[in-house]
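Enquirer: Have a look at this one before I ask anything.
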Protein chains: 4
Amino acid sequence: MPDDKPNSLRARLYRQLDPQARKRGLSLTNVALAVFIVFASVVAILATEPTLYDQNARLFIVAEWVFGGVFIVEYLARLWVAPERPDEPRSWRARLRFMLSFSGLIDLLTIIATLTPGAPAGPLLRAFRLLRVLRLAKLGRMSSAWKHIGEAISSRRPELFLSLFFGVGLMVISATLLYLVEGDAQPDKFGSIPRALWWAVATLTTIGYGDIYPVTPLGKLLASVTAVTSIGLIALPTGILAAAFSDAMARHRERVAAGEED
Amino acid sequence: MPDDKPNSLRARLYRQLDPQARKRGLSLTNVALAVFIVFASVVAILATEPTLYDQNARLFIVAEWVFGGVFIVEYLARLWVAPERPDEPRSWRARLRFMLSFSGLIDLLTIIATLTPGAPAGPLLRAFRLLRVLRLAKLGRMSSAWKHIGEAISSRRPELFLSLFFGVGLMVISATLLYLVEGDAQPDKFGSIPRALWWAVATLTTIGYGDIYPVTPLGKLLASVTAVTSIGLIALPTGILAAAFSDAMARHRERVAAGEED
Amino acid sequence: MPDDKPNSLRARLYRQLDPQARKRGLSLTNVALAVFIVFASVVAILATEPTLYDQNARLFIVAEWVFGGVFIVEYLARLWVAPERPDEPRSWRARLRFMLSFSGLIDLLTIIATLTPGAPAGPLLRAFRLLRVLRLAKLGRMSSAWKHIGEAISSRRPELFLSLFFGVGLMVISATLLYLVEGDAQPDKFGSIPRALWWAVATLTTIGYGDIYPVTPLGKLLASVTAVTSIGLIALPTGILAAAFSDAMARHRERVAAGEED
Amino acid sequence: MPDDKPNSLRARLYRQLDPQARKRGLSLTNVALAVFIVFASVVAILATEPTLYDQNARLFIVAEWVFGGVFIVEYLARLWVAPERPDEPRSWRARLRFMLSFSGLIDLLTIIATLTPGAPAGPLLRAFRLLRVLRLAKLGRMSSAWKHIGEAISSRRPELFLSLFFGVGLMVISATLLYLVEGDAQPDKFGSIPRALWWAVATLTTIGYGDIYPVTPLGKLLASVTAVTSIGLIALPTGILAAAFSDAMARHRERVAAGEED
């Protein structure tokens, strides 16, 4: 049976916990939770550093138990207030729906990853404990700007996908050419297309680690042409996204003018 | 004589093979073909890696024969259904046109490159076999987003060309200055303009391999100015493309509003 | 008591000193001041270079006293003309307001940092003297383009913040994966997530120092995927900002058309 | 006295030489000249490479004499047809105007630089001969897209200038912080602000040569923050330029709609 009284403890807690219960901004509870999640994620990241962990093992273990406790309380609270959501009046279905929702599953996974034993026993357990870093994903529910960005991107999916295809094609072509030209001069670096691809990725994304680069004049000439096209490779998706965001804003303003939106 | 029955085997196969027969999306056959082409391209790339090829030579040779078989079947099927295209009713002309079309020639070249003998005999044969990587180009016919991107780019060709000219000019000027300033300190790296150009390309595209950089204070100062202008060099074509895509969308919406397009 | 005569010395000095007293452009005094501030900042930067300071210590000390003198004269002049501002007629309140304003405090801090003794005695004093570099901030009052840029950026704050969140999330995910894959091969470079994060930052911002990069095939594959997504990471905020600036201009033109602005 | 006959040799030559005499595209003569200029520039660049010059000195010297001859003939031809320009009927004034115009001076400088003796005698002569590379600038007159790009950029000059100021300010702040933090660990690399600035330039422009980077944890943390802001530094001018180009196109379309332009 849903609780109708708007000022009951559960209703007030709901308004504190669900960001969608507010028109804009975050409740104090959610701001505190967001800070806590960031803190817990940073601790989980630092715990993998041996020079830190070995000296403060006890501290890290205690911290994980504290994080686990807080996340369990948060999970139970969200479970309890789930029936306050206006779209689902029946208590048990609202709670089940929360448990099976994306953020509900993330919450549960976070708790399990937090409560696995402290000492890394095997590679599987170690990988599982790394899921602790995933607690950062709990922040996802805090923002509604996802929707705007997601819409703008998905409206131009064919063009963005084609940019990716262009990019990968350019990488394969550059790698093939450099493999032909530099393969004999540097067999350990350009001796096969997969090896040359590592160079092509670093070059066309303009990262340029410097562990691999052509040394022959013809190789440098081809690499220069590749390098210059890399600018176009970056300009293409950027231009497409810029136009998509521009378009989304223009449509928004038109709808505001037509009184369909505020 | 064209086949008029819309549900004949040839008509149905045509609708499966030609992406233009559908308003949007790809047929199941084309999705399967696209996956197969990507797989065959990856195998062709991996086959150039000696550590992989030497241990699995037999597997790679068998794979190429399978790819050759599939591509021949695909080619014959496309040849057979060619007369179904609405724009060319005469069978033999439709088939000749397919054979001479860009994608038809790519298909043929792919088959020939696939069926050259497995062992790399000479540099020419080796280069020819590299055309196997070209099978990736067979994916080109799958998308119609080409057209939108191509139009947006070609509408701003003079500006984009001028950006390129600016960029190359900037590279030449930077290289000349660094050659003058650093030539004596690092003769093997900045001892001529072509050598300094290799530095200018890596710097102005922001790749920065790190194999060559100025060491004198004046060289570093000039390189810093060059580095800062590199941001403008990237911003210019990006801005031009962003505006071109924006403009293409605005015109599209205008035509929709005027009822000329949907 | 404010000075009403528009051609009094104080009124004329005010028009020379306050950039807001003019519709556009800078007065001769402000141009001279801007050049002087840039010069003083460059001297403060060069003074930290031992090879320069040790040979010219006396020159640098004299220069700082000259800078201090000029900045004190400028400060007193600004204090004197403060009551000329149209929004505050009472002399002492106008002067107090200037002293407590952001640029007034920067001016004061600049003077104090300039006049601390020349020899670097302790780390605190050394850090304090570094505030001399801050004199560059005195240039801030010279431009009113701040407002346009600030508005465009702040109008899209949620989207930009989310881009940052995406970026940081991507860095954490990439670092975690590379830590798992490369941790055993290069324990000193990928032996913990914080160490792997240093790689992720250099890769996703496309800087690529080259001090740390994967060496295993799986590590290189994952790094390549990370590298390609880095293009999206740069395209996203650029696209958002481009649209924001576009939108700001469109709104400006609309208001001009409606006669609300010029 | 101007030549009125539109089909006189001089009038026809004028239409071949002056790109502004045609609505769009380049005359055959100008296309040939452009190719020749590019070729002559490439030769001038290659001539600085000792391994090429020493073996082919005679060839390079002959080439320069040929270039000089062609450029002299071109210069005299342009001088002769100058009075055909519709805006200046008097022969001698039209010719003087051409000689003093920007492209006329570039032409003259190019000829002088070409005809200096072949052997590099002193540093001044060497520097002067490098002006040969400047012949690339002769291409400038070929395109009229300059105007569109120049207008779009100059309309947003205050914002672009402020971006530059932000960028330089950010570089100075990052360099100062890294100097404080890394100065003791790597005195030869971060031992002064000018040295740290070299790092800041390479980082904020995302070049990342890799000759200098922080090694302490705090230094890496600060460098990571710097690296992330570098994305904003690139996004800002790109966004401003994209909006400027967008705006220029929108205004162009409005004027076309109003019948003021075609």
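Ligands are numbered from 1 in the order shown, residues from 1 within each chain, and chains are lettered A, B, ... in the order they appear in the structure tokens.
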Leaving out stretch 96-109 of chain C and any residue of its chain fewer than 2 positions from it, which residues lie within 12 Å of it when counting only C-alpha atoms, given as a ChimeraX atom specification?
Expert: /C:18,37,68,70-85,87-94,111-116,128-142
Enquirer: Just need the residues of chain C within 8 Å of chain A, counting only C-alpha atoms, so spit them out as a PyMOL selection string.
Expert: chain C and resi 158-159+162+169+172+176+180+191-195+203+205-211+213+220+224+227-228+230-232+234-236+238-244+246-247
Enquirer: Can you list, as an mmCIF file with C-alpha atoms, in the first residue's frame, every residue of stretch 184-250 of chain D that DSSP puts in helix (DSSP H, G or I)?
Expert:
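Output file selection-v4.cif follows:
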```cif
data_model
loop_
_atom_site.group_PDB
_atom_site.id
_atom_site.type_symbol
_atom_site.label_atom_id
_atom_site.label_comp_id
_atom_site.auth_asym_id
_atom_site.auth_seq_id
_atom_site.Cartn_x
_atom_site.Cartn_y
_atom_site.Cartn_z
ATOM 1 C CA PRO D 187 66.467 20.752 -11.258
ATOM 2 C CA ASP D 188 67.696 20.522 -14.847
ATOM 3 C CA LYS D 189 64.141 20.195 -16.188
ATOM 4 C CA PHE D 190 61.928 22.114 -13.741
ATOM 5 C CA ILE D 193 59.888 28.848 -14.572
ATOM 6 C CA PRO D 194 61.256 29.273 -18.129
ATOM 7 C CA ARG D 195 62.332 25.602 -18.077
ATOM 8 C CA ALA D 196 58.965 24.538 -16.683
ATOM 9 C CA LEU D 197 57.276 26.664 -19.378
ATOM 10 C CA TRP D 198 58.797 24.451 -22.048
ATOM 11 C CA TRP D 199 56.993 21.551 -20.368
ATOM 12 C CA ALA D 200 53.764 23.569 -20.040
ATOM 13 C CA VAL D 201 53.754 24.470 -23.745
ATOM 14 C CA ALA D 202 54.305 20.849 -24.807
ATOM 15 C CA THR D 203 51.558 19.696 -22.398
ATOM 16 C CA LEU D 204 48.834 22.290 -22.954
ATOM 17 C CA PRO D 217 53.253 11.920 -7.381
ATOM 18 C CA LEU D 218 52.201 15.510 -6.620
ATOM 19 C CA GLY D 219 53.820 16.715 -9.854
ATOM 20 C CA LYS D 220 51.941 14.055 -11.808
ATOM 21 C CA LEU D 221 48.668 15.019 -10.122
ATOM 22 C CA LEU D 222 49.118 18.690 -11.016
ATOM 23 C CA ALA D 223 50.221 17.749 -14.542
ATOM 24 C CA SER D 224 47.067 15.636 -14.918
ATOM 25 C CA VAL D 225 44.874 18.586 -13.996
ATOM 26 C CA THR D 226 46.844 20.704 -16.488
ATOM 27 C CA ALA D 227 46.425 18.011 -19.132
ATOM 28 C CA VAL D 228 42.650 17.863 -18.690
ATOM 29 C CA THR D 229 42.330 21.647 -18.935
ATOM 30 C CA SER D 230 44.307 21.450 -22.188
ATOM 31 C CA ILE D 231 41.200 19.955 -23.787
ATOM 32 C CA GLY D 232 39.280 23.088 -22.838
ATOM 33 C CA LEU D 233 42.109 25.212 -24.197
ATOM 34 C CA ILE D 234 41.736 23.571 -27.604
ATOM 35 C CA ALA D 235 37.942 23.476 -27.463
ATOM 36 C CA LEU D 236 37.625 27.207 -26.763
ATOM 37 C CA PRO D 237 39.125 28.721 -29.963
ATOM 38 C CA THR D 238 37.684 25.867 -32.019
ATOM 39 C CA GLY D 239 34.209 26.593 -30.680
ATOM 40 C CA ILE D 240 34.626 30.328 -31.261
ATOM 41 C CA LEU D 241 35.808 29.797 -34.855
ATOM 42 C CA ALA D 242 33.063 27.260 -35.575
ATOM 43 C CA ALA D 243 30.451 29.738 -34.407
ATOM 44 C CA ALA D 244 32.070 32.530 -36.432
ATOM 45 C CA PHE D 245 32.000 30.455 -39.630
ATOM 46 C CA SER D 246 28.426 29.372 -38.886
ATOM 47 C CA ASP D 247 27.409 32.976 -38.359
ATOM 48 C CA ALA D 248 29.132 34.119 -41.572
ATOM 49 C CA MET D 249 27.189 31.488 -43.517
ATOM 50 C CA ALA D 250 23.870 32.356 -41.886
#
```
Enquirer: Can you work out the spacing between atom CA of C:Ser163 and atom CA of D:Glu182 in Å, to one decimal?
Expert: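 Rounded to one decimal, the two atoms are 29.8 Å apart.
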